[in-house]
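J.: Take this structure first; my questions come after.
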Amino acid sequence: MHTGTLNIREIFGQDKRLMVPLFQRPYVWKREQQWEPLWEDIRAIAERILQDKPVRPHFLGAIVLDQMPHPTGRLEKRLIIDGQQRLATIQILLEAFADICATVGAEAEKYHRALLQLTRNYAYLSNDPDDKYKVWPTNVDQEQFRQVMQAGSPDQLALHALPSIHLIADSYLFFHHSILDWLVPTEPGFGKRRDVLYDVLCDYVRMVVIDLGHEDDAQLIFETLNARGTPLLPSELVKNFLLRRATLEDGDIEQLYKQYWQPFDSNASYWRHELGPGHAKRARIDLYLQHYLTLKKRDEVPVAHLYTAFREYASNGDEASIHLKSLHQYAKVYQSFDTVDRNTREGLFFRRLGQMDITTAYPFLLELFTRYGGQNAQVSKVLVDIESFLVRRMVCQLPTRGYNRLFIDLLKTLDGPAEELPDRVRTVLLSADAESTRWPKDSEFRRAWLDAPLYNRLRLERIRMLLEALELQLYTGLTEKIKVEGVLTIEHLLPQAWYQHWPLPTDVPREDAEEHRNTLLHTLGNLTLLTEKLNPKLSNGPWENKRRDILRHSALALNRPLEDYHEWNEDAIMQRSEELFKAAQQAWPFPQA
């Protein structure tokens, strides 16, 4: 291993190709987190030099290079084990500066050529036209990188049909604009500023370069350094691990990558999208990996230890190609959960599961749909039971902490004849009697439905899910089905500010009557759905006006029965709760003995 601190001129001054392995992640640096801080540091050094103030070099971090065999007389090559984001960004910055120098200033061509010596190889003996680029990104970024390096200007780059997410192109545009804005070619002093910026980029931007020998473990060093810059996702470490292992197993990694992993990289807007609240946010691909490992290991896998858990799991002796194929197959099933037709029973289930925000069921669901995806009747029966189990527990406000283990235990029900699958799942769900896993019967479900102030105890998305499900359940063969456009909001029929138009009963003490009302106020019997425009219009006015406007404007089956309620009070709320509970029993049935 050879280690040294080198400036940009020393790193890129020789004809050498630095290549990003296809098993590394694509370009991910962004403006606020990386480009702007880098440019501000470079600009600050240049301005201090212009003011004759002392300066220190800018340390950009470390890069790790691994040797690659190359024929005598041919272009020397290195694999970039760590630092591809830094190297690619510097190349883009240099290219933007070179393009500016090519068009402005008395010595434009001289500076343009000097900068191209830092971004281009003179590979006269090569048959590959891309050998001229000193840094060559991973497969998914190559076409975009080539277009940026060939464009010559932002206007020419705009003529290319680029994908919706084009960070390499955005990086070029940012640096081109920032450099041009600082140089100000139309003002005196442009030549001096150009000279200083060139010197800063060549001599004052430095990196620690670690050049590995044949005896060094590139994978171990890669894992140790992965927290530099933008931290690697656990899934990216898995990708690197599997494709590097495939290389050692003499696998065709180009084909393996293209067939099994490229869909993760090419659809980055989906797989890298972050889900979850606050600090718990995780990229979708890592959440998928957690569910995948959970079902494979049949044990809980903390998201913080995904890569370690995968390496442990992958030590089972299977070749890397087997693991890549399996990850790819399950990923297609996982992605189908987001694209399933919402008018089917499966689509309805996943919509409601998302509104309840219960993800611990995914390991079981992944395996269920992988094995029995074509058995629609059997799968639908299983989903009805799981949904009933989850909704009843939610309404009864029972804890969710046992769900991880429950759904792991349910995996064993997937072994056996397909026609007996629903019975096996139902037997397990019915057998649990602990607080953390029991399936509430009708009596407990009804008590919570009628009496619990769920509006105050459940998230609004869950309340909306319950009301939307009731709306669907209340349709009959005699009723036209309507498609709701836009978002419906939750409305209290007896308003929260009831004091002016809604007098309390006089046959009980006022304090007791007020307490009873304020409890029933937030029960499901007092809630409905209205359009965003109609909801505020109703406000806190008297019932006769409110009922008239709801019946005039709302087409929901949930609201039509209000025509029979000429008064709205505690008795009316209890009566409607009972009516809605009958629909809830049908939507989320409890199995008969």
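Ordering of the structure tokens sets the chain letters (A, B, ...), residue numbers begin anew at 1 in every chain, and ligands are numbered from 1 in the order given.
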Which residues are near Ala331 (chain A)? Cut-off 10 Å, only C-alpha atoms, ignore same chain within fewer than 3 positions. Put them as a list in words.
T.: Tyr260, Pro263, Phe264, Trp271, Ile285, Tyr288, Leu289, Tyr292, Lys325, Ser326, Leu327, His328, Tyr334, Gln335, Ser336 and Leu366 of chain A
J.: In Å to one decimal, how far is CA of Leu201 (chain A) from CA of Val55 (chain A)?
T.: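 Here the two named atoms are 13.4 Å from each other.
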J.: Excluding same-chain residues fewer than 6 positions from Val135 (chain A), what lies within 8 Å of it counting only C-alpha atoms, as a PyMOL selection string?
T.: chain A and resi 17-20+87-88+91+119
J.: Between A:Ala497, A:Leu116, A:Ala572, A:Ala123, single out the one closest to Lys77 (chain A), counting only C-alpha atoms.
T.: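 Ranking A:Ala497, A:Leu116, A:Ala572, A:Ala123 by distance to Lys77 (chain A), first place goes to A:Ala123.
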J.: Please provide as a VMD selection string all residues within 9 Å of Arg424 (chain A), with the sequence filter that same-chain residues fewer than 5 positions apart are discarded (counting only C-alpha atoms).
T.: chain A and resid 410 413 to 414 416 429
J.: Determine the nearest neighbour of Thr186 (chain A) from the options A:Ala309, A:Leu556, A:Val104, A:Leu529, counting only C-alpha atoms.
T.: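 Checking each candidate against Thr186 (chain A), we get A:Val104 as the closest.
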J.: What's around His166 (chain A) at 12 Å? Count only C-alpha atoms, leave out sequence neighbours fewer than 2 positions away in its own chain, and write the answer as a PyMOL selection string.
T.: chain A and resi 26-30+140-145+147-148+157-158+160-164+168-173+266+268-269
J.: Please report, as number ranges by chain, each residue of region 283-370 of chain A to which DSSP assigns alpha helix (DSSP H) when run on this structure's backbone.
T.: A: 284-297, 306-313, 320-339, 345-356, 362-370
J.: When you count only C-alpha atoms, which of these residues is closest to Pro591 (chain A): A:Ile386, A:Leu458, A:Ile482, A:Ala314?
T.: A:Ile386
J.: For Val379 (chain A), please output as a ChimeraX atom specification all residues within 10 Å (counting only C-alpha atoms; exclusion window: fewer than 6 positions along the same chain).
T.: /A:345-346,365,368-369,372-373,418-419,421-422
J.: I need the strand (DSSP E or B) residues of region 247-317 of chain A per DSSP on the backbone, written as a ChimeraX atom specification.
T.: /A:274-275,282-283
J.: List as a list in words the protein and nucleic acid residues near Asn7 (chain A), meaning an atom at most 8 Å away when only C-alpha atoms are counted, but skip any in the same chain fewer than 6 places from it.
T.: Cys202, Asp203, Tyr204, Val205, Arg206 and Met207 of chain A
